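Text of the file protein.txt, holding compact mmCIF, C-alpha atoms and all ligand atoms:
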```
# COMPACT_ATOMS: atom_id res chain seq x y z
CA MET A 1 -33.05 4.82 23.99
CA LYS A 2 -32.83 2.21 26.73
CA SER A 3 -29.25 2.42 27.89
CA ALA A 4 -28.02 0.02 30.55
CA LEU A 5 -27.12 3.00 32.75
CA LYS A 6 -30.48 4.73 32.45
CA ASN A 7 -31.71 3.61 35.82
CA GLU A 8 -28.43 3.98 37.69
CA PRO A 9 -28.99 5.32 41.19
CA ASN A 10 -28.29 9.04 41.71
CA LEU A 11 -25.41 7.96 43.88
CA VAL A 12 -23.38 7.29 40.74
CA PHE A 13 -24.66 10.08 38.55
CA LYS A 14 -25.63 12.93 40.86
CA ARG A 15 -26.17 15.09 37.79
CA SER A 16 -26.11 14.65 34.05
CA VAL A 17 -22.59 13.71 32.94
CA THR A 18 -21.28 14.26 29.41
CA ILE A 19 -18.16 12.69 27.91
CA LEU A 20 -16.42 13.61 24.67
CA GLY A 21 -14.88 10.65 22.80
CA ILE A 22 -12.17 10.64 20.13
CA GLU A 23 -11.41 7.71 17.80
CA THR A 24 -8.45 7.55 15.39
CA SER A 25 -7.21 3.95 15.69
CA CYS A 26 -7.50 3.08 12.02
CA ASP A 27 -8.95 5.07 9.12
CA ASP A 28 -11.90 6.92 10.68
CA THR A 29 -11.56 10.22 12.52
CA GLY A 30 -14.49 10.20 14.93
CA CYS A 31 -15.72 12.40 17.74
CA ALA A 32 -18.93 12.39 19.77
CA ILE A 33 -20.42 13.67 22.98
CA VAL A 34 -22.74 11.35 24.90
CA ASN A 35 -24.48 11.66 28.25
CA ASN A 36 -25.03 9.09 30.99
CA GLU A 37 -28.49 8.23 29.67
CA GLY A 38 -26.97 7.09 26.38
CA HIS A 39 -28.07 10.11 24.37
CA ILE A 40 -25.76 11.22 21.60
CA LEU A 41 -25.59 15.00 21.98
CA GLY A 42 -23.30 15.60 19.02
CA GLU A 43 -21.32 13.50 16.57
CA SER A 44 -18.93 13.85 13.67
CA LEU A 45 -17.19 11.17 11.62
CA HIS A 46 -14.70 11.65 8.83
CA SER A 47 -14.07 8.48 6.87
CA GLN A 48 -10.90 7.94 4.85
CA GLN A 49 -12.39 4.92 3.08
CA GLU A 50 -12.63 6.55 -0.34
CA ILE A 51 -8.90 7.41 -0.41
CA HIS A 52 -7.76 4.05 0.92
CA LEU A 53 -9.95 2.25 -1.62
CA GLU A 54 -8.11 4.13 -4.37
CA HIS A 55 -4.74 3.10 -2.90
CA GLY A 56 -5.90 -0.51 -2.58
CA GLY A 57 -5.43 -0.52 1.20
CA ILE A 58 -4.48 1.64 4.17
CA ILE A 59 -1.05 3.28 3.94
CA PRO A 60 -0.28 4.32 7.55
CA PRO A 61 1.46 7.68 6.82
CA VAL A 62 -1.42 8.62 4.54
CA ALA A 63 -3.92 7.71 7.28
CA ARG A 64 -1.93 9.78 9.78
CA ASP A 65 -1.89 12.85 7.52
CA LEU A 66 -5.63 12.55 6.91
CA HIS A 67 -6.35 12.25 10.66
CA LYS A 68 -4.13 15.26 11.29
CA ALA A 69 -5.94 17.33 8.69
CA ALA A 70 -9.40 16.31 9.97
CA ILE A 71 -9.24 16.05 13.75
CA GLN A 72 -9.73 19.67 14.76
CA ASN A 73 -12.70 20.11 12.49
CA VAL A 74 -14.26 16.77 13.48
CA VAL A 75 -14.13 17.69 17.19
CA LYS A 76 -15.46 21.19 16.49
CA LYS A 77 -18.35 19.78 14.45
CA ALA A 78 -19.32 17.34 17.23
CA LEU A 79 -19.22 20.12 19.86
CA ASP A 80 -21.20 22.48 17.60
CA ALA A 81 -23.82 19.78 16.99
CA ALA A 82 -24.14 19.37 20.77
CA ASN A 83 -24.21 23.15 21.18
CA MET A 84 -21.40 22.79 23.69
CA LYS A 85 -17.89 24.04 24.32
CA ILE A 86 -15.04 21.84 25.52
CA ALA A 87 -15.44 23.45 28.96
CA ASP A 88 -18.97 21.97 29.17
CA VAL A 89 -17.96 18.30 29.02
CA ASP A 90 -16.94 16.30 32.09
CA ALA A 91 -14.09 14.31 30.56
CA ILE A 92 -12.30 13.46 27.33
CA ALA A 93 -12.05 9.80 26.34
CA THR A 94 -9.63 8.79 23.58
CA THR A 95 -8.61 5.48 21.94
CA LEU A 96 -4.99 4.74 22.88
CA LYS A 97 -4.87 1.01 21.96
CA PRO A 98 -4.76 -1.19 19.92
CA GLY A 99 -4.44 0.19 16.38
CA LEU A 100 -2.14 1.75 13.81
CA PRO A 101 0.50 3.67 15.80
CA LEU A 102 0.63 6.61 13.42
CA SER A 103 -3.14 6.97 13.56
CA LEU A 104 -3.44 6.47 17.33
CA ILE A 105 -0.85 9.19 17.97
CA ILE A 106 -2.97 11.88 16.34
CA GLY A 107 -5.99 11.12 18.53
CA MET A 108 -3.88 10.87 21.66
CA GLN A 109 -2.13 14.17 21.05
CA TYR A 110 -5.38 15.98 20.36
CA GLY A 111 -7.24 14.36 23.27
CA LYS A 112 -4.44 15.23 25.70
CA HIS A 113 -4.34 18.78 24.32
CA LEU A 114 -8.08 19.20 24.93
CA SER A 115 -7.73 17.79 28.43
CA LYS A 116 -4.89 20.17 29.27
CA ILE A 117 -6.51 23.34 27.93
CA SER A 118 -9.87 22.59 29.54
CA LYS A 119 -8.43 21.02 32.73
CA LYS A 120 -10.87 18.13 32.27
CA PRO A 121 -9.94 14.51 33.10
CA PHE A 122 -8.67 12.21 30.34
CA ILE A 123 -9.86 8.61 29.91
CA PRO A 124 -7.67 6.27 27.80
CA ILE A 125 -9.75 3.71 25.88
CA HIS A 126 -9.10 0.18 24.56
CA HIS A 127 -10.71 0.09 21.11
CA MET A 128 -12.01 -3.49 21.45
CA GLU A 129 -13.49 -2.88 24.90
CA ALA A 130 -15.31 0.07 23.37
CA HIS A 131 -16.74 -2.14 20.59
CA ALA A 132 -17.85 -4.66 23.24
CA LEU A 133 -19.58 -2.11 25.48
CA THR A 134 -21.39 -0.09 22.79
CA ILE A 135 -24.48 -2.29 23.05
CA ARG A 136 -25.10 -1.04 26.60
CA MET A 137 -25.62 2.46 25.26
CA VAL A 138 -28.67 1.35 23.28
CA GLU A 139 -29.95 -1.71 25.13
CA GLN A 140 -30.25 -2.88 28.69
CA VAL A 141 -27.68 -5.68 28.45
CA GLU A 142 -26.37 -6.47 31.93
CA PHE A 143 -22.94 -7.92 32.77
CA PRO A 144 -21.73 -10.57 32.28
CA PHE A 145 -22.31 -11.23 28.59
CA LEU A 146 -20.56 -13.11 25.82
CA VAL A 147 -19.16 -10.97 23.03
CA LEU A 148 -18.01 -11.69 19.48
CA LEU A 149 -15.93 -8.89 17.96
CA ILE A 150 -15.42 -9.14 14.21
CA SER A 151 -13.81 -6.30 12.32
CA GLY A 152 -11.16 -5.37 9.78
CA GLY A 153 -8.38 -5.66 12.33
CA HIS A 154 -9.67 -8.10 14.94
CA CYS A 155 -11.61 -11.25 15.63
CA LEU A 156 -12.19 -12.46 19.16
CA LEU A 157 -14.60 -14.06 21.58
CA ALA A 158 -14.70 -12.87 25.16
CA VAL A 159 -16.80 -12.56 28.28
CA ALA A 160 -17.46 -9.00 29.43
CA GLN A 161 -17.65 -9.43 33.21
CA SER A 162 -17.76 -5.68 33.82
CA ALA A 163 -16.75 -2.45 32.10
CA THR A 164 -13.15 -3.10 33.14
CA HIS A 165 -12.89 -6.90 33.35
CA PHE A 166 -12.84 -9.02 30.21
CA GLN A 167 -12.00 -12.71 29.76
CA LEU A 168 -10.62 -13.74 26.39
CA ILE A 169 -11.95 -17.09 25.14
CA GLY A 170 -10.46 -17.14 21.65
CA GLN A 171 -9.01 -14.93 18.93
CA SER A 172 -7.73 -15.07 15.38
CA ARG A 173 -4.32 -16.64 14.91
CA ASP A 174 -3.76 -14.72 11.71
CA ASP A 175 -6.06 -12.39 9.75
CA ALA A 176 -9.36 -10.75 10.69
CA PRO A 177 -12.56 -11.52 8.73
CA GLY A 178 -12.99 -7.94 7.50
CA GLU A 179 -9.43 -7.95 6.21
CA VAL A 180 -10.15 -11.13 4.21
CA LEU A 181 -13.37 -9.66 2.80
CA ASP A 182 -11.53 -6.45 1.84
CA LYS A 183 -8.76 -8.41 0.14
CA ALA A 184 -11.24 -10.72 -1.61
CA ALA A 185 -13.20 -7.74 -2.95
CA ARG A 186 -9.95 -6.31 -4.29
CA ARG A 187 -8.87 -9.61 -5.86
CA LEU A 188 -12.29 -9.98 -7.51
CA LYS A 189 -12.00 -6.36 -8.73
CA LEU A 190 -15.46 -5.53 -7.40
CA ARG A 191 -14.57 -1.83 -7.48
CA ASN A 192 -14.58 -2.00 -11.27
CA ILE A 193 -18.34 -2.55 -11.13
CA LEU A 194 -20.03 0.80 -10.56
CA GLU A 195 -22.53 -0.25 -7.87
CA PHE A 196 -19.75 -1.62 -5.63
CA ARG A 197 -17.35 1.25 -6.23
CA SER A 198 -17.73 3.25 -3.04
CA MET A 199 -18.44 0.31 -0.71
CA SER A 200 -16.05 -1.27 1.77
CA GLY A 201 -14.92 -4.75 0.76
CA GLY A 202 -17.25 -6.34 3.30
CA GLN A 203 -20.28 -4.39 2.08
CA ALA A 204 -19.48 -5.19 -1.55
CA ILE A 205 -19.07 -8.91 -0.88
CA GLU A 206 -22.34 -8.95 1.10
CA LEU A 207 -24.31 -7.37 -1.73
CA ALA A 208 -22.73 -9.58 -4.40
CA ALA A 209 -23.21 -12.66 -2.19
CA SER A 210 -26.96 -11.95 -1.81
CA ARG A 211 -27.29 -12.83 -5.52
CA GLY A 212 -25.19 -15.98 -5.50
CA ASN A 213 -25.25 -19.61 -4.45
CA PRO A 214 -23.41 -20.14 -1.14
CA LYS A 215 -22.75 -23.78 -1.97
CA ALA A 216 -21.22 -23.21 -5.40
CA TYR A 217 -17.57 -23.33 -4.25
CA GLU A 218 -15.82 -25.36 -1.60
CA PHE A 219 -13.63 -23.18 0.61
CA GLY A 220 -13.08 -25.63 3.43
CA ILE A 221 -13.77 -24.67 7.04
CA PRO A 222 -10.64 -24.03 9.10
CA MET A 223 -9.88 -25.51 12.52
CA ARG A 224 -12.86 -27.86 12.59
CA THR A 225 -10.97 -30.36 14.71
CA TYR A 226 -9.26 -27.85 17.04
CA ARG A 227 -11.03 -27.98 20.38
CA ASN A 228 -10.60 -24.30 21.14
CA CYS A 229 -12.32 -21.05 20.18
CA ASP A 230 -9.52 -19.58 18.07
CA PHE A 231 -10.07 -18.46 14.51
CA SER A 232 -8.03 -18.62 11.32
CA PHE A 233 -8.90 -16.70 8.17
CA SER A 234 -5.66 -16.78 6.16
CA GLY A 235 -6.70 -19.93 4.28
CA PHE A 236 -9.68 -18.05 2.83
CA LYS A 237 -7.30 -15.54 1.28
CA ASN A 238 -5.35 -18.29 -0.48
CA SER A 239 -8.55 -20.01 -1.62
CA ILE A 240 -10.03 -16.84 -3.05
CA HIS A 241 -6.84 -16.21 -4.97
CA ARG A 242 -6.77 -19.76 -6.32
CA ILE A 243 -10.46 -19.83 -7.28
CA THR A 244 -10.37 -16.39 -8.91
CA MET A 245 -7.28 -17.28 -10.90
CA ALA A 246 -8.88 -20.49 -12.18
CA GLU A 247 -12.10 -18.71 -13.16
CA GLU A 248 -10.21 -15.85 -14.81
CA LYS A 249 -8.34 -18.38 -16.88
CA LYS A 250 -11.50 -20.30 -17.72
CA TYR A 251 -13.36 -17.17 -18.89
CA GLU A 252 -10.25 -15.56 -20.42
CA VAL A 253 -10.59 -12.50 -18.22
CA THR A 254 -7.89 -9.87 -18.65
CA GLY A 255 -6.93 -6.43 -17.27
CA GLY A 256 -9.60 -4.65 -15.25
CA GLN A 257 -12.39 -7.06 -16.25
CA THR A 258 -14.12 -9.15 -13.61
CA ILE A 259 -15.19 -12.77 -13.98
CA PRO A 260 -18.77 -13.07 -15.36
CA LYS A 261 -21.39 -11.93 -12.84
CA PRO A 262 -23.19 -15.16 -12.00
CA VAL A 263 -19.82 -16.76 -11.27
CA LEU A 264 -18.61 -13.70 -9.35
CA TYR A 265 -21.74 -13.71 -7.19
CA ASP A 266 -21.36 -17.43 -6.49
CA VAL A 267 -17.74 -16.95 -5.38
CA CYS A 268 -18.78 -14.12 -3.02
CA ALA A 269 -21.71 -16.12 -1.61
CA SER A 270 -19.55 -19.20 -1.02
CA LEU A 271 -16.82 -17.16 0.67
CA GLN A 272 -19.30 -15.35 2.93
CA HIS A 273 -21.01 -18.65 3.78
CA SER A 274 -17.74 -20.37 4.70
CA ILE A 275 -16.63 -17.44 6.88
CA ALA A 276 -20.04 -17.52 8.59
CA ILE A 277 -19.74 -21.26 9.28
CA HIS A 278 -16.24 -20.86 10.73
CA ILE A 279 -17.45 -18.07 13.03
CA CYS A 280 -20.48 -20.17 14.06
CA HIS A 281 -18.29 -23.14 15.02
CA ARG A 282 -16.17 -20.97 17.29
CA VAL A 283 -19.24 -19.28 18.79
CA GLN A 284 -20.88 -22.65 19.49
CA ARG A 285 -17.85 -23.88 21.42
CA ALA A 286 -17.57 -20.54 23.27
CA ILE A 287 -21.16 -20.89 24.45
CA GLU A 288 -20.57 -24.49 25.49
CA TYR A 289 -17.43 -23.38 27.39
CA ALA A 290 -19.23 -20.46 29.07
CA ASN A 291 -22.02 -22.84 30.14
CA LEU A 292 -19.59 -25.49 31.37
CA LYS A 293 -17.66 -22.97 33.47
CA GLN A 294 -20.82 -21.13 34.51
CA LEU A 295 -19.40 -17.84 33.26
CA ILE A 296 -22.83 -16.54 32.29
CA PRO A 297 -25.86 -17.03 34.60
CA PRO A 298 -28.91 -18.62 32.94
CA ASN A 299 -30.88 -15.34 33.06
CA ARG A 300 -28.09 -13.38 31.30
CA ARG A 301 -27.55 -15.52 28.23
CA ASN A 302 -26.69 -12.82 25.72
CA LEU A 303 -24.22 -12.88 22.87
CA VAL A 304 -23.27 -9.38 21.72
CA ILE A 305 -21.80 -9.03 18.22
CA SER A 306 -19.94 -5.88 17.25
CA GLY A 307 -17.19 -4.52 14.97
CA GLY A 308 -17.59 -3.65 11.29
CA VAL A 309 -18.28 -7.22 10.12
CA ALA A 310 -21.25 -7.33 12.54
CA CYS A 311 -23.06 -5.23 9.90
CA ASN A 312 -23.21 -8.37 7.76
CA LYS A 313 -26.77 -9.73 7.77
CA TYR A 314 -25.84 -13.23 6.62
CA ILE A 315 -23.24 -13.67 9.36
CA LYS A 316 -25.69 -12.26 11.94
CA ARG A 317 -28.36 -14.69 10.80
CA ALA A 318 -25.95 -17.61 10.94
CA VAL A 319 -24.81 -16.76 14.48
CA GLY A 320 -28.47 -16.21 15.33
CA VAL A 321 -29.27 -19.83 14.44
CA VAL A 322 -26.53 -21.11 16.77
CA CYS A 323 -27.71 -18.84 19.58
CA ARG A 324 -31.35 -19.81 19.13
CA GLU A 325 -30.42 -23.50 19.38
CA MET A 326 -28.31 -22.84 22.48
CA ASP A 327 -30.83 -20.59 24.18
CA TYR A 328 -28.84 -17.36 23.90
CA SER A 329 -30.14 -13.99 22.65
CA VAL A 330 -28.17 -12.16 20.00
CA ARG A 331 -27.69 -8.44 20.62
CA VAL A 332 -26.17 -6.30 17.89
CA PRO A 333 -25.81 -2.49 17.91
CA PRO A 334 -27.16 -0.67 14.83
CA PRO A 335 -24.66 -0.73 11.90
CA HIS A 336 -23.36 2.84 12.39
CA LEU A 337 -22.37 1.88 15.95
CA CYS A 338 -20.73 -1.40 14.85
CA THR A 339 -18.17 0.26 12.58
CA ASP A 340 -15.57 2.57 14.10
CA ASN A 341 -16.95 5.84 15.50
CA GLY A 342 -16.42 8.39 18.27
CA ILE A 343 -19.68 7.47 20.02
CA MET A 344 -18.42 4.10 21.24
CA ILE A 345 -15.31 5.77 22.68
CA ALA A 346 -17.35 8.42 24.50
CA TRP A 347 -19.66 5.68 25.83
CA ASN A 348 -16.74 3.58 27.06
CA GLY A 349 -15.57 6.75 28.84
CA MET A 350 -18.99 6.90 30.49
CA GLU A 351 -18.77 3.27 31.61
CA ARG A 352 -15.42 4.09 33.21
CA TRP A 353 -16.80 7.26 34.77
CA ARG A 354 -19.55 5.18 36.38
CA VAL A 355 -17.02 2.96 38.12
CA GLN A 356 -14.46 5.78 38.52
CA ASP A 357 -11.68 3.60 37.16
CA GLY A 358 -8.97 4.55 34.65
CA ILE A 359 -9.54 8.30 34.83
CA TYR A 360 -6.48 10.58 34.66
CA GLN A 361 -6.19 14.20 35.73
CA HIS A 362 -5.15 16.72 33.06
CA ASP A 363 -1.78 17.35 34.70
CA ASN A 364 -0.89 13.65 34.91
CA LEU A 365 -0.93 12.51 31.29
CA ASP A 366 2.75 11.98 30.53
CA CYS A 367 2.51 8.38 31.75
CA LEU A 368 -0.03 7.57 29.04
CA ASP A 369 1.05 6.41 25.60
CA ILE A 370 -0.39 4.56 22.63
CA GLN A 371 -0.03 0.79 22.19
CA ALA A 372 -0.23 -0.80 18.74
CA ARG A 373 -1.04 -4.23 20.19
CA CYS A 374 -2.85 -4.94 23.39
CA PRO A 375 -4.60 -8.16 24.42
CA LEU A 376 -8.12 -7.97 25.74
CA GLY A 377 -8.38 -8.88 29.44
CA GLN A 378 -7.57 -12.18 31.12
CA ASP A 379 -6.66 -14.92 28.63
CA LEU A 380 -8.70 -18.10 29.20
CA SER A 381 -7.90 -19.70 25.86
CA GLU A 382 -5.57 -22.30 27.32
CA ASP A 383 -8.30 -23.39 29.70
CA VAL A 384 -10.68 -23.60 26.74
CA SER A 385 -8.28 -26.02 25.01
CA LYS A 386 -7.82 -28.03 28.20
CA SER A 387 -11.59 -28.40 28.53
CA GLU A 388 -11.54 -30.51 25.32
CA ILE A 389 -15.08 -29.60 24.37
CA LYS A 390 -16.26 -31.71 21.49
CA CYS A 391 -19.08 -30.09 19.53
CA LYS A 392 -21.82 -31.61 17.47
CA TRP A 393 -22.19 -28.81 14.94
CA ILE A 394 -25.57 -27.18 14.78
CA SER A 395 -27.01 -27.40 11.27
CA LEU A 396 -27.06 -24.14 9.34
CA SER A 397 -28.85 -25.55 6.33
CA GLU A 398 -31.80 -23.18 6.87
CA LEU A 399 -29.53 -20.29 5.87
CA TYR A 400 -28.51 -21.94 2.69
CA ALA A 401 -32.06 -22.87 1.75
CA ASP A 402 -33.23 -19.27 2.37
CA ASN A 403 -30.44 -17.79 0.33
CA VAL A 404 -31.15 -20.01 -2.65
CA THR A 405 -34.85 -19.14 -2.46
CA GLU A 406 -34.01 -15.42 -2.37
CA THR A 407 -31.75 -15.85 -5.38
CA LEU A 408 -34.47 -17.64 -7.27
CA VAL A 409 -37.00 -14.96 -6.37
CA ASP A 410 -34.55 -12.28 -7.59
CA ALA A 411 -34.03 -14.18 -10.81
CA VAL A 412 -37.78 -14.41 -11.39
CA LYS A 413 -38.17 -10.67 -10.71
CA THR A 414 -35.48 -9.61 -13.19
O1 LIG A 501 -14.79 -2.05 13.07
P1 LIG A 501 -14.37 -1.47 11.77
O2 LIG A 501 -15.05 -0.19 11.29
O3 LIG A 501 -12.84 -1.15 11.76
C1 LIG A 501 -11.91 -1.95 12.38
O4 LIG A 501 -11.70 -1.77 13.60
O5 LIG A 501 -11.38 -2.82 11.67
O6 LIG A 501 -14.52 -2.60 10.66
C2 LIG A 501 -14.22 -2.38 9.31
C3 LIG A 501 -14.38 -3.70 8.57
C4 LIG A 501 -13.90 -3.64 7.12
O7 LIG A 501 -13.05 -4.73 6.87
C5 LIG A 501 -15.19 -3.79 6.31
O8 LIG A 501 -15.01 -4.45 5.07
C6 LIG A 501 -16.06 -4.60 7.25
O9 LIG A 501 -15.77 -4.08 8.54
N1 LIG A 501 -17.49 -4.46 6.97
C7 LIG A 501 -18.28 -5.48 6.61
C8 LIG A 501 -19.55 -4.93 6.34
N2 LIG A 501 -19.51 -3.59 6.54
C9 LIG A 501 -18.22 -3.31 6.94
N3 LIG A 501 -18.02 -6.80 6.50
C10 LIG A 501 -19.04 -7.61 6.12
N4 LIG A 501 -20.28 -7.16 5.82
C11 LIG A 501 -20.59 -5.84 5.92
N5 LIG A 501 -21.82 -5.41 5.62
ZN ZN A 502 -13.02 -1.28 15.19
```
Would you mind giving the structure from this file in structure tokens?
Amino acid sequence: MKSALKNEPNLVFKRSVTILGIETSCDDTGCAIVNNEGHILGESLHSQQEIHLEHGGIIPPVARDLHKAAIQNVVKKALDAANMKIADVDAIATTLKPGLPLSLIIGMQYGKHLSKISKKPFIPIHHMEAHALTIRMVEQVEFPFLVLLISGGHCLLAVAQSATHFQLIGQSRDDAPGEVLDKAARRLKLRNILEFRSMSGGQAIELAASRGNPKAYEFGIPMRTYRNCDFSFSGFKNSIHRITMAEEKKYEVTGGQTIPKPVLYDVCASLQHSIAIHICHRVQRAIEYANLKQLIPPNRRNLVISGGVACNKYIKRAVGVVCREMDYSVRVPPPHLCTDNGIMIAWNGMERWRVQDGIYQHDNLDCLDIQARCPLGQDLSEDVSKSEIKCKWISLSELYADNVTETLVDAVKT
């Protein structure tokens, strides 16, 4: 483990510091204990995915009840795995924003309770900042860096100037990419095929897409002519509905049946490809903007990708092509740190501990509350628009060629 804080002078960490983190912003109840060297001492994660898949989406009161039922045990399991008691940790970090209010409340109440009974400080955490900073637990990525956060609830591009200072370059005007992938998987009834049954929508689409032709269907790339770094994914939802309906009609598909597999795989591959292109366009302009405004020094040209959709290999490869052409390195945490977890919250607590900022004493917690919505840092998006950056899109044809070759190889094998 090569955490960015590993070589911090003893001045900051006079002794080993351990932080316990709690995450309940959406549908995962997570807890972990990490130390200042980036070691995970104990972890526990309870996913509600299976239940929400059955309901066809997250029902907030159901999520709340599941968090409530799980939280005590999840925290106990993480502490047991670390062979620690709550009195042994230095502080308790908990996600307070943004997220589903009913879910956030459960984490906040439990985190505050732990802080009060143990008399340990409490550190409120912004979920997106935690996603952005996770990379520094596993790699020596120094500030400032560019970050692309793509998940089921969010999509944004920002500069992380420090653990507490972020500059927002662009964000989604409507849906998040993970949300579109989840809805597409549902519309295509992927769950009715056994091998996709227990996967998240994004995972299912990725696997199905690996067998299809990304150029089979035209989805149209949103916001091509908008000279900003904002995103829009709602059009993909309409297109997937329209395409699926037409194919269902064509193949006389009824009830729980899916459209025939080769067609299904092509639809998934084309959707994934179009989402990747849209993300790449916004990333390209963000890099050009960061260079123009000298936001990132030449020796720090890193683009960090995180959030659940950062698990997607095709999207990572696509963004990798743009970064290679623009002389940036792509840094992505391992998949289990990209999706929601308690580790990233504990680590964000550690980043705050290092700078001693945003730490609350156990008897001063009444001022802290959850926030369903909360922008990330200083908003530069208007300045991005004003900069009128015209991009000559970097070709991503190498992706497409590779994918077709892989598909052909698969076809030959089977
Ligand atoms: O970050 P995350 O765990 O929760 C949010 O904060 O939203 O992200 C969950 C999202 C889901 O929409 C899921 O479908 C998507 O991440 N996801 C993926 C993949 N694995 C998870 N999307 C694309 N490809 C994947 N392999
Ligand atoms: Zn998340």
Expected selection as a ChimeraX atom specification for ligand LIG 501 (chain A) within 10 Å, all atoms listed in the file: /A:25-28,47,49,98-99,127-128,131,149-155,176-185,199-207,272,306-316,335-341
Distance criterion (all atoms listed in the file): nearest to Ile305 in chain A out of A:Leu157, A:Ala372, A:Phe231, A:Asp88: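 Counting all atoms listed in the file, the residue closest to Ile305 in chain A is A:Leu157.
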Selected residue, from A:Asp383, A:Lys116, A:Thr94, A:Glu37, that lies nearest to Gln361 in chain A when counting only C-alpha atoms: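 Smallest distance to Gln361 in chain A is found for A:Lys116.
For the pair CA of Gly42 in chain A and CA of Met344 in chain A, the interatomic distance is 12.7 Å.
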Within 10 Å of range 224-228 of chain A using all atoms listed in the file, minus same-chain residues under 4 positions, as a compact mmCIF listing (two decimals) with C-alpha atoms, in the coordinates of the input:
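Contents of part-v3.txt, freshly written:
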```txt
# COMPACT_ATOMS: atom_id res chain seq x y z
CA ILE A 169 -11.95 -17.09 25.14
CA GLY A 170 -10.46 -17.14 21.65
CA GLN A 171 -9.01 -14.93 18.93
CA GLY A 220 -13.08 -25.63 3.43
CA HIS A 278 -16.24 -20.86 10.73
CA HIS A 281 -18.29 -23.14 15.02
CA ARG A 282 -16.17 -20.97 17.29
CA ARG A 285 -17.85 -23.88 21.42
CA ALA A 286 -17.57 -20.54 23.27
CA TYR A 289 -17.43 -23.38 27.39
CA SER A 381 -7.90 -19.70 25.86
CA GLU A 382 -5.57 -22.30 27.32
CA ASP A 383 -8.30 -23.39 29.70
CA VAL A 384 -10.68 -23.60 26.74
CA SER A 385 -8.28 -26.02 25.01
CA LYS A 386 -7.82 -28.03 28.20
CA SER A 387 -11.59 -28.40 28.53
CA GLU A 388 -11.54 -30.51 25.32
CA ILE A 389 -15.08 -29.60 24.37
CA LYS A 390 -16.26 -31.71 21.49
CA CYS A 391 -19.08 -30.09 19.53
CA TRP A 393 -22.19 -28.81 14.94
```
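Our summary of the geometry notes that CA of Ile51 in chain A is positioned 14.9 Å from CA of Lys68 in chain A.
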